[in-house]
$ cat data_39.cif   # mmCIF, C-alpha atoms
data_protein
loop_
_atom_site.label_atom_id
_atom_site.label_comp_id
_atom_site.auth_asym_id
_atom_site.auth_seq_id
_atom_site.Cartn_x
_atom_site.Cartn_y
_atom_site.Cartn_z
CA MET A 1 -10.22 5.95 -9.79
CA THR A 2 -8.38 8.12 -12.30
CA THR A 3 -7.23 11.56 -11.22
CA VAL A 4 -6.93 12.99 -14.74
CA MET A 5 -9.39 15.85 -15.30
CA VAL A 6 -10.38 15.67 -18.98
CA ARG A 7 -11.64 19.01 -20.29
CA ASP A 8 -15.25 19.19 -21.46
CA PRO A 9 -15.94 19.89 -24.22
CA VAL A 10 -12.75 18.38 -25.63
CA PRO A 11 -11.28 20.16 -28.68
CA THR A 12 -10.74 18.13 -31.84
CA PRO A 13 -7.39 16.27 -32.15
CA LEU A 14 -6.30 18.77 -34.83
CA GLU A 15 -7.16 21.73 -32.57
CA ASP A 16 -5.07 20.16 -29.79
CA ALA A 17 -2.25 19.51 -32.25
CA GLU A 18 -2.37 23.15 -33.32
CA ALA A 19 -2.27 24.28 -29.68
CA ILE A 20 0.81 22.12 -29.09
CA ARG A 21 2.47 23.46 -32.25
CA LYS A 22 1.82 27.01 -31.09
CA SER A 23 3.40 26.17 -27.71
CA VAL A 24 6.65 24.90 -29.24
CA GLN A 25 7.11 27.38 -32.08
CA GLY A 26 9.09 30.59 -31.98
CA TRP A 27 11.31 31.85 -29.20
CA GLY A 28 10.97 29.82 -26.02
CA THR A 29 8.38 27.21 -25.16
CA ASP A 30 4.93 27.73 -23.68
CA GLU A 31 5.09 24.97 -21.08
CA LYS A 32 1.78 26.04 -19.53
CA GLY A 33 0.10 25.59 -22.90
CA LEU A 34 1.52 22.08 -23.22
CA ILE A 35 0.34 21.15 -19.73
CA GLU A 36 -3.13 22.53 -20.47
CA VAL A 37 -3.46 20.10 -23.38
CA LEU A 38 -1.46 17.01 -22.44
CA ALA A 39 -2.30 16.74 -18.73
CA HIS A 40 -6.04 16.92 -19.44
CA ARG A 41 -6.36 14.20 -22.09
CA ASN A 42 -6.69 10.47 -21.53
CA ALA A 43 -4.44 7.87 -23.15
CA GLU A 44 -6.64 7.33 -26.17
CA GLN A 45 -6.97 11.06 -26.81
CA ARG A 46 -3.21 11.60 -26.48
CA GLN A 47 -2.49 8.97 -29.13
CA VAL A 48 -4.97 10.54 -31.55
CA ILE A 49 -3.38 13.95 -30.93
CA ARG A 50 0.05 12.44 -31.67
CA LEU A 51 -1.20 11.11 -35.00
CA ALA A 52 -2.95 14.37 -35.89
CA TYR A 53 0.19 16.40 -35.09
CA GLU A 54 2.50 14.14 -37.07
CA GLU A 55 0.18 13.92 -40.08
CA HIS A 56 -0.49 17.66 -40.17
CA TYR A 57 3.04 18.96 -39.50
CA GLN A 58 5.13 16.04 -40.82
CA GLU A 59 7.11 16.10 -37.59
CA HIS A 60 7.57 13.54 -34.83
CA LEU A 61 5.82 14.99 -31.78
CA ILE A 62 7.84 13.17 -29.13
CA LYS A 63 11.16 14.19 -30.71
CA ARG A 64 9.96 17.79 -30.92
CA LEU A 65 8.99 17.81 -27.23
CA GLU A 66 12.34 16.25 -26.29
CA SER A 67 14.11 19.10 -28.11
CA GLU A 68 11.96 21.78 -26.43
CA LEU A 69 11.81 20.55 -22.84
CA TYR A 70 14.43 19.51 -20.30
CA GLY A 71 14.99 17.96 -16.91
CA ASP A 72 12.31 16.26 -14.86
CA PHE A 73 9.50 17.99 -16.76
CA GLU A 74 10.78 16.57 -20.06
CA LYS A 75 11.04 13.04 -18.58
CA ALA A 76 7.54 13.21 -17.12
CA THR A 77 6.03 14.56 -20.35
CA TYR A 78 7.81 11.93 -22.45
CA ARG A 79 6.54 9.09 -20.26
CA TRP A 80 3.03 10.52 -20.17
CA ILE A 81 2.60 10.91 -23.91
CA LEU A 82 3.60 7.31 -24.69
CA GLU A 83 0.94 4.63 -24.93
CA PRO A 84 0.71 2.97 -21.47
CA VAL A 85 2.08 -0.38 -22.65
CA GLU A 86 4.84 1.37 -24.62
CA ARG A 87 5.67 3.35 -21.49
CA ASP A 88 5.96 0.18 -19.40
CA ALA A 89 8.32 -1.31 -21.98
CA THR A 90 10.57 1.75 -22.01
CA LEU A 91 10.63 1.89 -18.19
CA ALA A 92 11.69 -1.76 -18.05
CA ASN A 93 14.43 -1.17 -20.60
CA ALA A 94 15.74 1.88 -18.75
CA ALA A 95 15.69 -0.07 -15.48
CA LEU A 96 17.98 -2.73 -16.94
CA LYS A 97 20.49 -0.10 -18.06
CA ASN A 98 20.78 1.40 -14.59
CA ASN A 99 24.53 1.20 -13.91
CA ALA A 100 25.81 -1.92 -12.11
CA LEU A 101 22.53 -2.90 -10.42
CA PRO A 102 19.23 -2.89 -12.30
CA ASP A 103 16.47 -0.66 -11.00
CA TYR A 104 14.74 -3.81 -9.78
CA PRO A 105 11.62 -2.17 -8.26
CA VAL A 106 10.50 -1.09 -11.76
CA LEU A 107 10.81 -4.64 -13.11
CA ILE A 108 9.18 -6.20 -10.06
CA GLU A 109 6.25 -3.74 -10.14
CA THR A 110 5.62 -4.57 -13.79
CA ALA A 111 5.76 -8.34 -13.24
CA CYS A 112 3.89 -8.56 -9.93
CA VAL A 113 1.25 -5.80 -9.93
CA LYS A 114 -0.05 -6.31 -13.44
CA SER A 115 -2.23 -9.28 -14.32
CA PRO A 116 -0.50 -12.08 -16.24
CA ASP A 117 -2.26 -11.00 -19.45
CA GLU A 118 -1.27 -7.35 -18.95
CA PHE A 119 2.33 -8.34 -18.32
CA LEU A 120 2.32 -10.48 -21.46
CA VAL A 121 1.23 -7.46 -23.50
CA VAL A 122 4.09 -5.42 -22.02
CA LYS A 123 6.56 -8.15 -22.95
CA ARG A 124 5.25 -8.17 -26.51
CA ALA A 125 5.58 -4.38 -26.69
CA TYR A 126 9.13 -4.68 -25.35
CA GLN A 127 10.03 -7.21 -28.01
CA TRP A 128 8.46 -5.10 -30.78
CA ARG A 129 10.27 -1.95 -29.66
CA TYR A 130 13.73 -3.37 -28.91
CA LYS A 131 13.80 -6.44 -31.18
CA ARG A 132 14.78 -8.51 -28.15
CA SER A 133 12.73 -10.21 -25.46
CA LEU A 134 12.61 -8.84 -21.93
CA GLU A 135 13.97 -12.18 -20.70
CA GLU A 136 16.90 -11.89 -23.11
CA ASP A 137 17.84 -8.44 -21.80
CA ILE A 138 17.47 -9.54 -18.18
CA ALA A 139 19.87 -12.41 -18.94
CA SER A 140 22.32 -9.94 -20.50
CA HIS A 141 22.19 -7.27 -17.80
CA THR A 142 21.90 -9.21 -14.53
CA THR A 143 23.97 -11.77 -12.67
CA GLY A 144 23.77 -13.97 -9.60
CA ASP A 145 20.74 -13.82 -7.32
CA PHE A 146 19.15 -10.90 -9.17
CA HIS A 147 19.36 -12.84 -12.41
CA LYS A 148 17.62 -15.83 -10.82
CA LEU A 149 14.81 -13.74 -9.35
CA LEU A 150 14.15 -11.30 -12.21
CA PHE A 151 14.44 -13.92 -14.95
CA ALA A 152 11.98 -16.16 -13.12
CA LEU A 153 9.51 -13.28 -12.70
CA ALA A 154 9.77 -12.29 -16.35
CA SER A 155 9.40 -15.86 -17.61
CA ALA A 156 6.34 -16.83 -15.58
CA TYR A 157 2.75 -16.75 -16.79
CA LYS A 158 0.91 -17.19 -13.50
CA TYR A 159 -2.63 -18.34 -12.88
CA ASP A 160 -4.84 -15.31 -12.23
CA GLY A 161 -7.80 -16.92 -10.46
CA LEU A 162 -8.94 -16.40 -6.87
CA GLU A 163 -9.00 -20.07 -5.84
CA ILE A 164 -6.58 -21.09 -3.11
CA ASN A 165 -5.25 -24.39 -1.84
CA ALA A 166 -5.05 -24.14 1.96
CA PRO A 167 -2.90 -27.27 2.51
CA LEU A 168 -0.47 -26.00 -0.12
CA ALA A 169 -0.35 -22.59 1.57
CA LYS A 170 0.52 -24.33 4.86
CA SER A 171 3.26 -26.51 3.37
CA GLU A 172 4.84 -23.69 1.36
CA SER A 173 4.72 -21.26 4.27
CA ASP A 174 6.70 -23.88 6.23
CA ILE A 175 9.20 -24.18 3.37
CA LEU A 176 9.65 -20.41 3.29
CA TRP A 177 10.08 -20.26 7.06
CA LYS A 178 12.79 -22.94 7.07
CA LEU A 179 14.68 -21.35 4.18
CA ILE A 180 14.57 -17.90 5.78
CA GLU A 181 15.67 -19.36 9.12
CA LYS A 182 18.69 -20.89 7.34
CA LYS A 183 19.30 -17.59 5.51
CA SER A 184 18.94 -19.47 2.22
CA TYR A 185 17.39 -16.44 0.59
CA ASN A 186 18.46 -17.41 -2.93
CA ASP A 187 17.24 -20.99 -2.72
CA GLU A 188 15.50 -22.21 -5.87
CA GLU A 189 12.44 -23.33 -3.88
CA LEU A 190 11.97 -19.87 -2.37
CA ILE A 191 12.25 -18.22 -5.79
CA ARG A 192 9.98 -20.85 -7.37
CA ILE A 193 7.21 -20.21 -4.84
CA LEU A 194 7.38 -16.41 -5.13
CA THR A 195 7.49 -16.35 -8.92
CA THR A 196 5.12 -19.11 -10.04
CA ARG A 197 2.19 -19.21 -7.61
CA SER A 198 -0.87 -17.06 -8.24
CA ASN A 199 -1.16 -13.86 -6.22
CA ALA A 200 -4.22 -15.25 -4.42
CA GLN A 201 -2.30 -18.39 -3.46
CA LEU A 202 0.72 -16.40 -2.35
CA ASN A 203 -1.40 -14.14 -0.15
CA ALA A 204 -2.83 -17.25 1.51
CA THR A 205 0.74 -18.47 2.04
CA PHE A 206 1.87 -15.12 3.48
CA ASN A 207 -1.12 -15.08 5.87
CA MET A 208 -0.37 -18.64 6.96
CA PHE A 209 3.27 -17.68 7.51
CA LYS A 210 2.23 -14.87 9.87
CA ASP A 211 -0.36 -16.98 11.67
CA GLU A 212 2.07 -19.85 12.24
CA HIS A 213 5.19 -17.88 13.11
CA HIS A 214 3.78 -14.61 14.53
CA ILE A 215 5.83 -12.44 12.21
CA SER A 216 5.15 -11.19 8.70
CA ILE A 217 7.31 -12.62 5.96
CA THR A 218 8.58 -9.14 5.04
CA LYS A 219 9.79 -8.52 8.60
CA SER A 220 11.47 -11.93 8.63
CA LEU A 221 13.50 -10.72 5.61
CA LEU A 222 14.80 -7.62 7.41
CA GLU A 223 17.90 -9.19 8.91
CA ASP A 224 20.21 -7.01 6.83
CA PRO A 225 18.48 -3.78 5.69
CA ALA A 226 21.45 -2.99 3.43
CA ASN A 227 21.13 -6.26 1.51
CA GLU A 228 19.69 -5.31 -1.89
CA PHE A 229 18.57 -8.84 -2.72
CA LEU A 230 16.53 -9.04 0.49
CA ALA A 231 15.04 -5.66 -0.41
CA ALA A 232 14.08 -7.10 -3.81
CA LEU A 233 12.37 -10.08 -2.16
CA ARG A 234 10.43 -7.74 0.12
CA THR A 235 9.43 -5.68 -2.92
CA VAL A 236 8.03 -8.80 -4.61
CA ILE A 237 6.01 -9.67 -1.51
CA ARG A 238 4.69 -6.12 -1.00
CA CYS A 239 3.67 -5.77 -4.66
CA ILE A 240 1.72 -9.03 -4.39
CA SER A 241 0.19 -8.59 -0.94
CA ASN A 242 -0.82 -4.91 -0.97
CA PRO A 243 0.14 -2.90 -4.09
CA THR A 244 -1.57 0.29 -2.91
CA LYS A 245 0.34 0.29 0.38
CA TYR A 246 3.53 -0.46 -1.55
CA PHE A 247 3.10 2.54 -3.88
CA VAL A 248 2.35 4.81 -0.92
CA LYS A 249 5.68 3.68 0.52
CA VAL A 250 7.46 4.40 -2.78
CA LEU A 251 5.98 7.91 -2.85
CA ARG A 252 6.90 8.57 0.77
CA LYS A 253 10.50 7.52 0.19
CA ALA A 254 10.70 9.53 -3.05
CA ILE A 255 9.37 12.69 -1.43
CA HIS A 256 11.44 12.42 1.76
CA HIS A 257 14.58 11.30 -0.08
CA PRO A 258 17.37 13.90 0.25
CA GLY A 259 16.91 16.05 -2.83
CA THR A 260 13.72 14.14 -3.81
CA ASP A 261 13.77 10.99 -5.95
CA GLU A 262 12.09 12.48 -9.03
CA ASP A 263 12.37 9.29 -11.10
CA SER A 264 10.33 7.23 -8.63
CA LEU A 265 7.90 10.09 -8.02
CA THR A 266 7.30 10.55 -11.75
CA ARG A 267 6.96 6.81 -12.36
CA VAL A 268 4.21 6.30 -9.80
CA ILE A 269 2.24 9.44 -10.74
CA VAL A 270 2.44 8.90 -14.50
CA THR A 271 1.76 5.16 -14.50
CA HIS A 272 -1.14 5.32 -12.03
CA ALA A 273 -2.88 8.61 -12.87
CA GLU A 274 -5.34 6.82 -15.17
CA LYS A 275 -5.74 3.73 -12.99
CA ASP A 276 -5.75 3.85 -9.20
CA LEU A 277 -3.98 7.06 -8.20
CA LYS A 278 -7.10 8.35 -6.44
CA VAL A 279 -6.94 5.39 -4.03
CA ILE A 280 -3.18 5.82 -3.57
CA LYS A 281 -3.76 9.50 -2.76
CA GLU A 282 -6.34 8.59 -0.11
CA LYS A 283 -4.06 6.01 1.51
CA TYR A 284 -1.17 8.48 1.41
CA TYR A 285 -3.23 11.00 3.35
CA GLU A 286 -4.25 8.35 5.90
CA ARG A 287 -0.58 7.45 6.42
CA GLU A 288 1.00 10.93 6.38
CA ASN A 289 -1.86 13.23 7.46
CA VAL A 290 -0.94 15.51 4.57
CA THR A 291 -2.29 15.42 1.04
CA LEU A 292 -0.10 14.04 -1.70
CA GLU A 293 -0.60 17.31 -3.61
CA ASP A 294 0.76 19.36 -0.69
CA ALA A 295 3.71 17.01 -0.21
CA ILE A 296 4.64 17.18 -3.89
CA ALA A 297 4.13 20.95 -4.06
CA LYS A 298 6.56 21.38 -1.17
CA GLU A 299 9.32 19.23 -2.70
CA THR A 300 9.10 20.11 -6.41
CA SER A 301 9.03 23.30 -8.43
CA GLY A 302 8.37 24.93 -11.77
CA HIS A 303 6.68 23.28 -14.71
CA TYR A 304 7.49 19.80 -13.36
CA LYS A 305 5.51 20.60 -10.22
CA ALA A 306 2.62 22.05 -12.25
CA PHE A 307 2.51 18.98 -14.49
CA LEU A 308 2.43 16.49 -11.60
CA LEU A 309 -0.26 18.48 -9.80
CA ALA A 310 -2.34 18.57 -12.98
CA LEU A 311 -2.11 14.77 -13.24
CA LEU A 312 -3.20 14.57 -9.60
CA GLY A 313 -6.39 16.43 -10.51
CA ASN A 314 -5.49 20.00 -9.60
#
$ encode --input "data_39.cif" --output "structure tokens"
Amino acid sequence: MTTVMVRDPVPTPLEDAEAIRKSVQGWGTDEKGLIEVLAHRNAEQRQVIRLAYEEHYQEHLIKRLESELYGDFEKATYRWILEPVERDATLANAALKNNALPDYPVLIETACVKSPDEFLVVKRAYQWRYKRSLEEDIASHTTGDFHKLLFALASAYKYDGLEINAPLAKSESDILWKLIEKKSYNDEELIRILTTRSNAQLNATFNMFKDEHHISITKSLLEDPANEFLAALRTVIRCISNPTKYFVKVLRKAIHHPGTDEDSLTRVIVTHAEKDLKVIKEKYYERENVTLEDAIAKETSGHYKAFLLALLGN
């Protein structure tokens, strides 16, 4: 399901390192040369190229690229060249430093879309990189309802099996209905259910909710579209119930956002290019009747546009 087109035959890591060095030496930068190498290598190959470059030239590759590139292209390249788990850790850290309100979709995506074991690896990478736990930084950078929700998500290690308990789904769907009816959106029971139950169990609960009350749980949380905490709860539910549909929605909003939301666009493309971006592309076309490549080409430009299109398989 990856969209990354790895060149065949692949040059040796040292040959790729030399090509990168040639692209960043002298007057100006050969961005096309960098894209030709970096956008057509998988994660394992990129890490070997990093090591080859740094051993051969005694220079930190990421720092060199940061000094040569700028803007959205630099951000996208930086995120792409990191190891995937290292990338997730840096995205989470940046999300927590986002002005007054954390960039909660990034944190929720990481906690809810990844398997419990994958999320645990990200938390370990976060701790290794920042010498603090993710939970510790959430506690330091959030308050109120967002603190309760995000801390609970980060602290949980959920069961990852497919078994469901139908009576439990019925009882907890009733609990959720009553709390939403009372507008008790920050109730500890609501947060406990959303953050500790397995995704399979929660999907059974969400289905029961809709069957019993003839409305989806996300629509029942639309009372105040401007309420950011309700938006965060809907994000949790969407990431659990249908991640592909959720990421299509993120891309649509990013592309149609006035001026384009490059951060969200880059995040989805870079983090999913080697996983499930092909499926996301297909669902995007079904929803919009336009290819994701055409939509991105229309709203972006320059080397940033070329890099994203290369990751999409062009």
$ closest_atom_pairs --input "data_39.cif" --of "range 13-115 of chain A" --to "range 213-236 of chain A" --cutoff "12 Å" --atoms "all atoms listed in the file" --output "JSON lines"
{"residue": "A:Leu101", "atom": "CA", "partner": "A:Glu228", "partner_atom": "CA", "distance": 9.3}
{"residue": "A:Pro102", "atom": "CA", "partner": "A:Glu228", "partner_atom": "CA", "distance": 10.7}
{"residue": "A:Asp103", "atom": "CA", "partner": "A:Ala232", "partner_atom": "CA", "distance": 9.9}
{"residue": "A:Tyr104", "atom": "CA", "partner": "A:Ala232", "partner_atom": "CA", "distance": 6.8}
{"residue": "A:Pro105", "atom": "CA", "partner": "A:Thr235", "partner_atom": "CA", "distance": 6.8}
{"residue": "A:Val106", "atom": "CA", "partner": "A:Thr235", "partner_atom": "CA", "distance": 10.0}
{"residue": "A:Leu107", "atom": "CA", "partner": "A:Val236", "partner_atom": "CA", "distance": 9.9}
{"residue": "A:Ile108", "atom": "CA", "partner": "A:Val236", "partner_atom": "CA", "distance": 6.1}
{"residue": "A:Glu109", "atom": "CA", "partner": "A:Val236", "partner_atom": "CA", "distance": 7.7}
{"residue": "A:Thr110", "atom": "CA", "partner": "A:Val236", "partner_atom": "CA", "distance": 10.4}
{"residue": "A:Ala111", "atom": "CA", "partner": "A:Val236", "partner_atom": "CA", "distance": 8.9}
{"residue": "A:Cys112", "atom": "CA", "partner": "A:Val236", "partner_atom": "CA", "distance": 6.7}
{"residue": "A:Val113", "atom": "CA", "partner": "A:Val236", "partner_atom": "CA", "distance": 9.1}
$ resolve_selection --input "data_39.cif" --expression "the PyMOL selection byres ((chain A and resi 10) around 12)" --output "JSON, numbers by chain"
{"A": [5, 6, 7, 8, 9, 11, 12, 13, 14, 15, 16, 36, 37, 38, 40, 41, 42, 45, 46, 49]}
$ atom_distance --input "data_39.cif" --atom1 "CA of Leu251 in chain A" --atom2 "CA of Ala100 in chain A"
24.0 Å
$ resolve_selection --input "data_39.cif" --expression "the PyMOL selection byres ((chain A and resi 239-247) around 10)" --output "ChimeraX atom specification"
/A:105,108-114,194,198-200,202-204,206-207,234-238,248-253,264-265,268-269,272,276-277,279-284,287
$ resolve_selection --input "data_39.cif" --expression "the PyMOL selection byres ((chain A and resi 91) around 12)" --output "ChimeraX atom specification"
/A:75-76,78-80,82,84-90,92-98,102-110,122-123,125-126,134,263-264,266-268,270-271
$ atom_distance --input "data_39.cif" --atom1 "CA of Thr196 in chain A" --atom2 "CA of Asp145 in chain A"
16.7 Å
$ atom_distance --input "data_39.cif" --atom1 "CA of Lys275 in chain A" --atom2 "CA of Ala43 in chain A"
11.0 Å
$ residues_around --input "data_39.cif" --residues "Phe151 in chain A" --least-positions-apart "2" --cutoff "10 Å" --atoms "all atoms listed in the file" --output "MDAnalysis selection string"
chainID A and resid 134:139 142 145:149 153:156 195
$ closest_residue --input "data_39.cif" --among "A:Leu179, A:Leu312, A:Thr143, A:His257" --to "Ala297 in chain A" --atoms "all atoms listed in the file"
A:Leu312
$ closest_residue --input "data_39.cif" --among "A:Lys183, A:Arg197, A:Lys305, A:Glu55" --to "Ile164 in chain A" --atoms "all atoms listed in the file"
A:Arg197
$ decode --input "data_39.cif" --residues "range 183-233 of chain A" --atoms "C-alpha atoms" --output "mmCIF file, in the first residue's frame"
data_model
loop_
_atom_site.group_PDB
_atom_site.id
_atom_site.type_symbol
_atom_site.label_atom_id
_atom_site.label_comp_id
_atom_site.auth_asym_id
_atom_site.auth_seq_id
_atom_site.Cartn_x
_atom_site.Cartn_y
_atom_site.Cartn_z
ATOM 1 C CA LYS A 183 -23.625 17.797 28.005
ATOM 2 C CA SER A 184 -21.192 16.208 30.471
ATOM 3 C CA TYR A 185 -18.546 15.963 27.796
ATOM 4 C CA ASN A 186 -15.633 16.013 30.229
ATOM 5 C CA ASP A 187 -17.040 13.375 32.563
ATOM 6 C CA GLU A 188 -14.460 10.880 33.794
ATOM 7 C CA GLU A 189 -16.607 7.930 32.656
ATOM 8 C CA LEU A 190 -16.783 9.244 29.092
ATOM 9 C CA ILE A 191 -13.023 9.769 28.980
ATOM 10 C CA ARG A 192 -12.386 6.386 30.622
ATOM 11 C CA ILE A 193 -14.429 4.545 27.992
ATOM 12 C CA LEU A 194 -12.825 6.338 25.024
ATOM 13 C CA THR A 195 -9.260 5.962 26.274
ATOM 14 C CA THR A 196 -9.100 2.485 27.825
ATOM 15 C CA ARG A 197 -11.304 0.165 25.763
ATOM 16 C CA SER A 198 -9.850 -1.676 22.786
ATOM 17 C CA ASN A 199 -10.611 -0.256 19.351
ATOM 18 C CA ALA A 200 -12.677 -3.342 18.504
ATOM 19 C CA GLN A 201 -14.744 -2.904 21.666
ATOM 20 C CA LEU A 202 -15.192 0.806 21.047
ATOM 21 C CA ASN A 203 -16.384 0.212 17.489
ATOM 22 C CA ALA A 204 -18.972 -2.212 18.848
ATOM 23 C CA THR A 205 -20.019 0.482 21.327
ATOM 24 C CA PHE A 206 -20.240 3.153 18.613
ATOM 25 C CA ASN A 207 -22.350 0.838 16.422
ATOM 26 C CA MET A 208 -24.651 0.076 19.351
ATOM 27 C CA PHE A 209 -24.958 3.802 20.054
ATOM 28 C CA LYS A 210 -26.137 4.434 16.486
ATOM 29 C CA ASP A 211 -28.474 1.439 16.441
ATOM 30 C CA GLU A 212 -30.104 2.400 19.744
ATOM 31 C CA HIS A 213 -30.335 6.157 19.276
ATOM 32 C CA HIS A 214 -30.461 6.541 15.463
ATOM 33 C CA ILE A 215 -27.609 9.013 15.371
ATOM 34 C CA SER A 216 -23.861 8.501 15.171
ATOM 35 C CA ILE A 217 -21.869 9.415 18.241
ATOM 36 C CA THR A 218 -19.835 11.958 16.259
ATOM 37 C CA LYS A 219 -22.995 13.783 15.142
ATOM 38 C CA SER A 220 -24.274 13.769 18.718
ATOM 39 C CA LEU A 221 -21.096 15.702 19.633
ATOM 40 C CA LEU A 222 -21.740 18.466 17.088
ATOM 41 C CA GLU A 223 -23.805 20.716 19.326
ATOM 42 C CA ASP A 224 -21.176 23.462 19.268
ATOM 43 C CA PRO A 225 -18.918 23.200 16.172
ATOM 44 C CA ALA A 226 -16.624 25.890 17.628
ATOM 45 C CA ASN A 227 -15.969 23.904 20.814
ATOM 46 C CA GLU A 228 -12.408 22.595 20.471
ATOM 47 C CA PHE A 229 -12.826 19.930 23.137
ATOM 48 C CA LEU A 230 -15.828 18.459 21.321
ATOM 49 C CA ALA A 231 -13.746 18.514 18.142
ATOM 50 C CA ALA A 232 -11.033 16.571 19.997
ATOM 51 C CA LEU A 233 -13.561 13.954 21.133
#
